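What follows is one structure encoded as structure tokens, with my remarks underneath.
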Amino acid sequence: MDWNKLAEALIPDEDVKPLDYYETKYPARNLPEGAHVTRLAPSPTGFMHIGNLYVALANERIAHQSGGVLYLRIEDTDDKRKVEGAVEIIHKSLKYFGINFDEGADLCGEYGPYYQRQRAEIYHAYAKDLIKRGLAYPCFCTEEEMEKTREYQTENKLLPGYYGEFAKCRKLTEKEIYENLKAGKPYVIRLRSQGDVEVKHTFRDQVKGDITVTENNQDVVILKSDGIPTYHFAHAIDDHFMRTTLVIRGEEWIPSLPIHIELFNVLGFKLPKYGHNCSIQKIDGETRRKLSKRKDPEASLTFYREQGYHPTAVRTYMMTLLNSNFEEWLLKNPEKPLEEFKYSIGKMGKSGALFDILKLNDISKTFMATLDAKQAYDFLKSWADEFGTDEQKAYFADKEYMCKVLTLCMGIGGKKRRKDFVCAKQAVEMIAYFFDNTFAPTYEYRFDNAVVKAILEGFKATYDYADDMQAWFEKVKAVASASGFATDMKAYKADPTAYPGNVSDVAEMLRIATTGLANTPDLWTIMQILGAERTLARLEKAITAL
RNA sequence: GGCCUUAUCGUCUAGCGGUUAGGACGGCGCCCUCUCACGGCGCAAACUCGGGUUCGAGUCCCGAUAAGGUCACCA
């Protein structure tokens with residue numbers, strides 16, 4: 001068999017450059033000792049999964065804290081899954097969560113092109129070289145033929161796949177190959193595997209530790225019939241020429257590690273380090289499964305933007321899953337930016353974590369409680385501008401008023417901050433009662449209407465906007481006493497049955513009347529913010545509703 | 001089914017031969033308190049099961065079980 005002739009017939013010289021060309025064009029990177037080059041290599045499907053952010057964050061931290069490079073490569077070798085505008089979505093959504101690439105698709109960079117489809121020439125050059133060396137060959141097998149051998153293999157409990165005796169096209173004669181080519185039969189290029197599945201090696205994974213991998217014996221496809229490489233082949237070529245030092249990717253890739261090892265080996269490339277992380281899971285009835293794009297809204301990065309989770313909160317939660325010692329650090333350094341945490345890939349969990357929105361909420365609340373009025377205003381406004389209703393957008397027209405509301409509701413300036421706000425959507429909904437066009441009370445009191453009415457009327461008659469908090473509260477107590485409610489909590493606790501209720505019950509009635517809610521921050525301040533006119537109007541409205 | 005991986009409170013986990021098995025979220029209770037919160041204190045809550053090794057095992061070894069991943073011209 002004349003391999004050179006075959007290689008030339010399959011991939012003519014004018015289509016590719018000599019191998020040295022690529023090695024010179026993409027030289028080793030000039031980076032400080034210990035710097036890592038990492039990458040994110042998504043398919044342009046237009047859907048950004050929370051798992052994408054999870055891996056992105058790991059890659060970003062490793063690259064940037066080591067003084068290295070993070071780049072974006074688009075794996076668009078599968079034409080069927082390609083979606084217009086997907087790359088823009090990738091950039092936009094990751095940027096929102098603080099992931100910035102140093103180079104890559106739609107950015108500058110010396111190691112491009114960063115779209116795999118634009119790199120066809122490089123793949124072809126190396127495929128040709130493999131053919132020349134007798135390490136790759138054309139395969140003309142049809143889907144039906146493949147199906148047949150697979151059936152045979154499963155029936156006989158043999159290892160499925162295209163290998164050894166089952167690799168029919170491996171044994172094609174020169175004559176047969178050229179006949180097939182002449183007949184215009186479609187073909188793929190396969191690797192002529194030299195491996196033996198019986199041989200096992202231990203492999204050092206940066207996340208999992210030592211794992212055993214067997215050698216690959218599959219004659220995997222490296223170039224599909226349309227000349228586009230498979231993931232495996234593109235991975236080896238790209239991560240070599242883009243000079244990736246560390247590949248962090250999902251653990252679903254572990255089974256194909258043998259293929260990658262053989263490919264790097266046969267191509268004469270140095271194998272990068274690998275870290276295979278676990279995926280974020282969800283409990284679905286009895287079983288755990290990956291967060292699903294179709295079933296779980298929280299799987300999508302869009303979800304967090306729509307809900308208005310602060311990007312820092314989401315990042316923080318991701319970090320707690322990513323590094324087990326992160327939370328401890330955060331507890332000690334609540335003020336420090338996340339970038340100061342020393343991220344280590346070895347501290348990544350070895351088994352998949354269940355997504356816990358309660359934990360996210362807690363982290364989110366704590367973070368929101370660190371914002372000042374202006375930051376909170378800006379954040380909530382930007383959310384409302386994009387996702388809010390028209391009424392909600394209008395809230396932000398009067399900045400001064402809104403800042404007063406936020407100062408109260410977030411406990412800004414007080415000794416203890418409130419932690420009521422989880423995300424922008426919930427926060428904006430929570431303050432609806434401050435705005436007359438969204439004030440829609442349902443008035444659910446825990447006392448008889450007659451009792452409530454007496455209280456409300458009594459309070460309304462004595463209310464004075466000019467009262468300070470102390471004077472105001474004295475009036476609340478007076479109204480309470482007038483209806484027989486306890487104003488002395490000690491006396492009340494000593495004998496609760498002696499009273500219809502206590503002063504806090506009275507406060508609740510007033511609160512429900514003016515806000516429609518039983519849970520709000522300090523009522524006096526609310527009335528101050530609303531103003532005398534609206535406060536009285538609301539009390540009146542509540543009285544007539546009884 | 002083969003191969004790979006994993007296994008500590010409900011959840012995320014610490015633990016790397018000798019611990020009252022620690023923390024966080026969530027739950028519950030108490031205190032603080034004009035409501036709601038915040039905060040403080042406390043309670044309940046775990047080593048999957050067998051065998052070994054060892055003076056001693058959550059920790060090491062071997063099994064079993066369970067869970068997850070994977071077996072494409074998808075990535």
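Each chain of the structure tokens is named A, B, ... in the order shown, its residues numbered from 1; ligands are numbered from 1 in display order.
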Distance limit 8 Å, atoms considered: only C-alpha atoms (C1' of nucleotides). Which chain A residues sit that close to chain B? Return them as a ChimeraX atom specification. /A:43,75,78,157,159-160,188,212-213,221,223-225,230-231,251-252,254-255,288-289,320-321,324,327-328,350-354,356,358-359,362,416-420,473,503-505,507-508,511,518-522
Would you please give, as a count of residues only, all residues of stretch 247-462 of chain A that DSSP assigns to alpha helix (DSSP H) based on the backbone? 102
Please list as an MDAnalysis selection string every residue within 10 Å of A:Thr202, counting only C-alpha atoms (C1' of nucleotides) and excluding residues in the same chain fewer than 2 positions away. chainID A and resid 200 204:205 209:214
Separation of atom CA of A:Arg190 from atom CA of A:Thr24, in Å and rounded to one decimal: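 A separation of 27.1 Å between them.
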Among the residues B:G63, B:G58, B:G40, B:G50, the one that comes closest to B:U19 [using only C-alpha atoms (C1' of nucleotides)]: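 Closest candidate: B:G58.
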Quick check, in Å to one decimal: how far apart do atom CA of A:Pro229 and atom CA of A:Glu198 lie? 27.7 Å
Got a sec to tell me which of stretch 221-327 of chain A DSSP assigns to strand (DSSP E or B), as a list in words?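 Going through stretch 221-327 of chain A, the strand (DSSP E or B) residues come out as Val221, Ile222, Leu223, Pro229, Leu246, Val247, Ile248, Arg249, Gly250, Lys273, Tyr274, Gly275, His276, Asn277, Gln281, Lys282, Ile283, Asp284, Thr287, Arg288, Arg289, Lys290 and Ser300 of chain A.
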Give me the residues within 10 Å of A:Met348 as a PyMOL selection string, counting only C-alpha atoms (C1' of nucleotides) and dropping any in the same chain fewer than 5 places off. chain A and resi 58+206-208+275-278+319-325+343
Could those residues be written to a file, using C-alpha atoms, as a PDB file, in the first residue's frame?
```
ATOM      1  CA  ALA A  58     -13.181  27.349  37.430  1.00  0.00           C
ATOM      2  CA  GLN A 206      -6.449  17.249  38.567  1.00  0.00           C
ATOM      3  CA  VAL A 207      -9.892  16.924  40.107  1.00  0.00           C
ATOM      4  CA  LYS A 208     -10.448  13.214  40.598  1.00  0.00           C
ATOM      5  CA  GLY A 275      -9.464  18.201  35.397  1.00  0.00           C
ATOM      6  CA  HIS A 276     -12.856  16.597  35.041  1.00  0.00           C
ATOM      7  CA  ASN A 277     -15.507  18.255  37.135  1.00  0.00           C
ATOM      8  CA  CYS A 278     -18.872  16.880  38.187  1.00  0.00           C
ATOM      9  CA  MET A 319     -17.753  29.161  44.307  1.00  0.00           C
ATOM     10  CA  THR A 320     -19.167  27.359  47.328  1.00  0.00           C
ATOM     11  CA  LEU A 321     -19.867  24.366  45.103  1.00  0.00           C
ATOM     12  CA  LEU A 322     -16.562  24.684  43.319  1.00  0.00           C
ATOM     13  CA  ASN A 323     -14.244  24.807  46.314  1.00  0.00           C
ATOM     14  CA  SER A 324     -15.199  23.233  49.619  1.00  0.00           C
ATOM     15  CA  ASN A 325     -13.050  25.611  51.646  1.00  0.00           C
ATOM     16  CA  TYR A 343      -8.827  28.874  44.258  1.00  0.00           C
TER      17      TYR A 343
END
```
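Minimum atom-to-atom distance to B:G18, evaluated using only C-alpha atoms (C1' of nucleotides), belongs to B:A57 out of B:A57, B:C49, B:C41, B:C31.
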The residue from A:Glu103, A:Asp219, A:Glu457, A:Glu110 with the smallest atom-to-atom distance to A:Pro27, counting only C-alpha atoms, is A:Glu110
